[in-house]
Amino acid sequence: MNVVVCVKQIPDPAAPGALDPGTKNLVREGKLILDDSDAYGVEMALQLADAAGGGDVTLVSMAPNGETSGLRTALAMGAAKAILVSDDSLAGTDALGTAKVLAAAIRRAEPDLILAATESTDGYTGTTPVQIAELLGLPSVTFAKKVEISGASVKVERQTETGYDEVESPLPAVVTVTAGVVEPRYPSFKGIMAAKSKPVDVLTVADLGVDAGQVGAAGARQEITDVAEAEARSAGDIVVDEGEGYQRVIEFLEQLKVL
Amino acid sequence: MSVDKIWVLAEVADGAPITTSLELISHARSLGGTVEAVAYGDGTAAMAPTVGEYGATTVHDVGDLAGALPGAPVAAAIAALVAAGNGPDVILFPATYDGRDIAARLSVKIDRPVLTNVVGLTEGDGGLVSQHAIFGGSQILSARFTGEGPHIFVVRAKSFAAEPTGGAAAAVVAAPAPDTGATNAAKIVARHVEERIGPKLDEADVVVSGGRGLGEKEQYALIEELATLLHGAAGASRAIVDAGWVPYSHQVGQTGKTVKPTVYMACGISGATQHMVGMKNSKNIVAINKDQDAPIFSVADLGIVGDVHKVLPKLIEALKARG
Ligand SMILES: Cc1cc2nc3c(=O)[nH]c(=O)nc-3n(C[C@H](O)[C@H](O)[C@H](O)COP(=O)(O)OP(=O)(O)OC[C@H]3O[C@@H](n4cnc5c(N)ncnc54)[C@H](O)[C@@H]3O)c2cc1C
Ligand SMILES: Cc1cc2nc3c(=O)[nH]c(=O)nc-3n(C[C@H](O)[C@H](O)[C@H](O)COP(=O)(O)OP(=O)(O)OC[C@H]3O[C@@H](n4cnc5c(N)ncnc54)[C@H](O)[C@@H]3O)c2cc1C
């Protein structure tokens, strides 16, 4: 079974985020890392391919400056190869444009299953994978907390407001996984060494045959008009508990007439 | 483009439109023009009086989906109306599982971009301007569409107040989905509903949430007991949901519920940006954390620097003693 995993390479979320004052795009300088949210998809793909008795796990990513460090992490986990779309014309692309690019790249891999995260850590638009499914004419199941392949279909436990639904879909399909669905493995030393020589196919927008007018800032057909500081909450009372801290909570609740 | 007609996805749960959809209908009404709802499932006729009361004049009824996930068929039904020239200027979706799926599919079908995680919508020159809370809600970004409509916005819960106007029941008009082929092939084969005690997390007046600082799964009982004593709901950070201590339905934050109770109590929660976007707008916030530098204290009205294993049992005892 061949699985494609969409993996986003993002700035380290531990570093404070910033917007470029000119373009208002998220600053994506320095080394990019594998989005933690996608480590679950990679692990899931490896497990499913294994359970199906083999097949390739192919990574698909769109990132600036030919960035591959996040891809290498996922290759070190065990993915076989990667397709990277990198092109200066992609700066400022929105979720729909991203989906158009990724869908075109995924088509090349002819997968049985496409995995992505429910939402990325940095942009968290949360629509890209389903936009990809619609572009490819495929069914999709989002918010999967359990995924199983059974013959030519995929069985998913999908989170709902009040519990979960059991959903079944024929393959090929797009499935988005939530954090915690599996425990991502740490790359082994051997895996890290092997990752260095695994194939990464670097493509441009033209290579994919995607119309340049559909991507980039112009293709986005949306713009940021303003960025302002949110109204700050006024500083509260911070007290150190010396055994009577609970009393302060009770007084506060009484004051609010909750008690 | 002026905003003459706004559609709102009216999602149904437990036989009634969800609160977020009513919030969107209420706010759409304040933006002027006609407000209409799009609904699906078998409860559409029953909801017509409610959505009418909040300001929608018509319900476009996609009808029963025969077990299919809503994304593909509902998007196809809306796209068909748009193609027939009956589309709105703006379509508002609640940021729910299904709302997001439908918005995403519709975006491709009508080739229009989406703005998601919207927390405010105001009138601007030639269209609406959306507000987005970024960097954990410390900054508010405004955005707008520059191309032709219909403009698709996916809006977070509790961004607006739901206010009835006493309007008449909405007229129900059938809007069946055209054939969607393979995209519609994912089917729900069984539903599982988790048991809930006390009020709903996103409707409770008091929310008591626990995080990794509780140390172990068994200690979540402290959170549940305190929540029950305060007639509130028990919430959680994602860290302990991912760890399997509590079901996902308890999660507060970016990928969980947005809550705005009178009192939010964060116990052993650090205050990661993704947690804060889900609770920062609570009317009052109490935080208990042993680390005085924990970010949660920056939004707390009352912060107790202390050990949850010491503070919570005493608090519970004292509340019990009050009877
Ligand atoms: C704060 C902020 C708000 C934004 N709001 C909007 C908005 O409202 N509308 C809009 O159209 N754009 C928005 N953007 C831009 C958007 O983030 C980018 O267009 C991005 O390329 C795709 O969206 P995402 O990361 O939000 O994807 P999501 O839909 O959240 O991503 C879900 C999953 O899809 C896969 N995926 C997404 N992008 C890639 C990629 N480049 N390579 C490989 N896999 C990928 C990953 O598995 C990812 O976890 C916003 C950006 C920021 C920083
Ligand atoms: C895309 C994405 C989406 C996310 N969505 C969400 C979301 O919806 N909701 C969410 O909550 N998180 C979300 N997160 C995760 C978030 O980034 C944090 O990892 C998470 O909120 C941390 O949970 P926590 O505060 O319980 O744990 P930690 O950050 O580990 O904090 C534990 C806290 O407990 C304190 N503590 C320890 N022992 C004690 C004690 N004995 N007494 C008192 N205090 C103690 C510590 O000082 C610390 O501050 C998301 C992350 C990503 C990447």
# chains A, B, ... in the order shown; residues from 1 in each chain; ligands from 1
call {"tool": "interface_residues", "arguments": {"of": "chain A", "to": "chain B", "cutoff": "6 Å", "atoms": "only C-alpha atoms", "output": "ChimeraX atom specification"}}
result
/A:96,125,127,130-131,134,137-139,162-169,180,221-230,236-241,246
call {"tool": "residues_near_ligand", "arguments": {"ligand": "ligand 2", "cutoff": "7 Å", "atoms": "only C-alpha atoms and all ligand atoms", "output": "PyMOL selection string"}}
result
(chain A and resi 36-37+119-121+124) or (chain B and resi 210-215+236-240+251-256+267-275+278+288-291+294+306-309)
call {"tool": "residues_around", "arguments": {"residues": "stretch 204-213 of chain A", "least_positions_apart": "3", "cutoff": "7 Å", "atoms": "only C-alpha atoms", "output": "list in words"}}
result
Val85, Ser86, Asp87, Val101, Ala104, Ala105, Ala218 and Gly219 of chain A
call {"tool": "decode", "arguments": {"residues": "stretch 60-82 of chain A", "atoms": "N, CA and C atoms", "output": "PDB file, in the first residue's frame"}}
result
ATOM      1  N   VAL A  60       5.146  14.633   1.085  1.00  0.00           N
ATOM      2  CA  VAL A  60       4.941  15.747   0.171  1.00  0.00           C
ATOM      3  C   VAL A  60       4.944  17.025   0.990  1.00  0.00           C
ATOM      4  N   SER A  61       5.744  17.987   0.585  1.00  0.00           N
ATOM      5  CA  SER A  61       5.857  19.228   1.345  1.00  0.00           C
ATOM      6  C   SER A  61       6.026  20.419   0.415  1.00  0.00           C
ATOM      7  N   MET A  62       5.515  21.559   0.846  1.00  0.00           N
ATOM      8  CA  MET A  62       5.757  22.813   0.139  1.00  0.00           C
ATOM      9  C   MET A  62       6.451  23.723   1.133  1.00  0.00           C
ATOM     10  N   ALA A  63       7.626  24.214   0.780  1.00  0.00           N
ATOM     11  CA  ALA A  63       8.378  25.052   1.714  1.00  0.00           C
ATOM     12  C   ALA A  63       9.334  25.947   0.943  1.00  0.00           C
ATOM     13  N   PRO A  64       9.669  27.108   1.513  1.00  0.00           N
ATOM     14  CA  PRO A  64      10.568  28.034   0.818  1.00  0.00           C
ATOM     15  C   PRO A  64      12.027  27.548   0.794  1.00  0.00           C
ATOM     16  N   ASN A  65      12.812  28.122  -0.089  1.00  0.00           N
ATOM     17  CA  ASN A  65      14.278  27.969  -0.143  1.00  0.00           C
ATOM     18  C   ASN A  65      14.777  26.534  -0.200  1.00  0.00           C
ATOM     19  N   GLY A  66      14.039  25.648  -0.844  1.00  0.00           N
ATOM     20  CA  GLY A  66      14.496  24.264  -0.963  1.00  0.00           C
ATOM     21  C   GLY A  66      14.716  23.587   0.385  1.00  0.00           C
ATOM     22  N   GLU A  67      13.995  24.046   1.394  1.00  0.00           N
ATOM     23  CA  GLU A  67      14.181  23.551   2.768  1.00  0.00           C
ATOM     24  C   GLU A  67      13.868  22.061   2.893  1.00  0.00           C
ATOM     25  N   THR A  68      14.831  21.285   3.423  1.00  0.00           N
ATOM     26  CA  THR A  68      14.571  19.854   3.581  1.00  0.00           C
ATOM     27  C   THR A  68      14.817  19.345   4.998  1.00  0.00           C
ATOM     28  N   SER A  69      15.177  20.209   5.945  1.00  0.00           N
ATOM     29  CA  SER A  69      15.569  19.661   7.260  1.00  0.00           C
ATOM     30  C   SER A  69      14.406  18.941   7.950  1.00  0.00           C
ATOM     31  N   GLY A  70      13.203  19.482   7.826  1.00  0.00           N
ATOM     32  CA  GLY A  70      12.044  18.788   8.402  1.00  0.00           C
ATOM     33  C   GLY A  70      11.764  17.485   7.677  1.00  0.00           C
ATOM     34  N   LEU A  71      11.946  17.487   6.362  1.00  0.00           N
ATOM     35  CA  LEU A  71      11.742  16.256   5.582  1.00  0.00           C
ATOM     36  C   LEU A  71      12.736  15.185   6.002  1.00  0.00           C
ATOM     37  N   ARG A  72      13.981  15.604   6.275  1.00  0.00           N
ATOM     38  CA  ARG A  72      14.999  14.619   6.676  1.00  0.00           C
ATOM     39  C   ARG A  72      14.587  13.950   7.986  1.00  0.00           C
ATOM     40  N   THR A  73      13.986  14.703   8.881  1.00  0.00           N
ATOM     41  CA  THR A  73      13.525  14.101  10.141  1.00  0.00           C
ATOM     42  C   THR A  73      12.515  12.992   9.856  1.00  0.00           C
ATOM     43  N   ALA A  74      11.564  13.287   8.952  1.00  0.00           N
ATOM     44  CA  ALA A  74      10.531  12.296   8.638  1.00  0.00           C
ATOM     45  C   ALA A  74      11.102  11.124   7.838  1.00  0.00           C
ATOM     46  N   LEU A  75      12.092  11.404   6.999  1.00  0.00           N
ATOM     47  CA  LEU A  75      12.760  10.318   6.262  1.00  0.00           C
ATOM     48  C   LEU A  75      13.523   9.434   7.252  1.00  0.00           C
ATOM     49  N   ALA A  76      14.105  10.069   8.266  1.00  0.00           N
ATOM     50  CA  ALA A  76      14.852   9.307   9.272  1.00  0.00           C
ATOM     51  C   ALA A  76      13.917   8.415  10.087  1.00  0.00           C
ATOM     52  N   MET A  77      12.662   8.836  10.219  1.00  0.00           N
ATOM     53  CA  MET A  77      11.682   7.995  10.917  1.00  0.00           C
ATOM     54  C   MET A  77      11.366   6.739  10.096  1.00  0.00           C
ATOM     55  N   GLY A  78      11.571   6.829   8.758  1.00  0.00           N
ATOM     56  CA  GLY A  78      11.362   5.632   7.950  1.00  0.00           C
ATOM     57  C   GLY A  78      10.652   5.834   6.619  1.00  0.00           C
ATOM     58  N   ALA A  79      10.229   7.062   6.310  1.00  0.00           N
ATOM     59  CA  ALA A  79       9.605   7.302   5.007  1.00  0.00           C
ATOM     60  C   ALA A  79      10.630   7.018   3.915  1.00  0.00           C
ATOM     61  N   ALA A  80      10.138   6.599   2.708  1.00  0.00           N
ATOM     62  CA  ALA A  80      11.052   6.160   1.655  1.00  0.00           C
ATOM     63  C   ALA A  80      11.604   7.313   0.838  1.00  0.00           C
ATOM     64  N   LYS A  81      10.736   8.287   0.538  1.00  0.00           N
ATOM     65  CA  LYS A  81      11.181   9.366  -0.330  1.00  0.00           C
ATOM     66  C   LYS A  81      10.307  10.589  -0.136  1.00  0.00           C
ATOM     67  N   ALA A  82      10.685  11.682  -0.785  1.00  0.00           N
ATOM     68  CA  ALA A  82       9.931  12.915  -0.591  1.00  0.00           C
ATOM     69  C   ALA A  82       9.816  13.709  -1.881  1.00  0.00           C
TER      70      ALA A  82
END
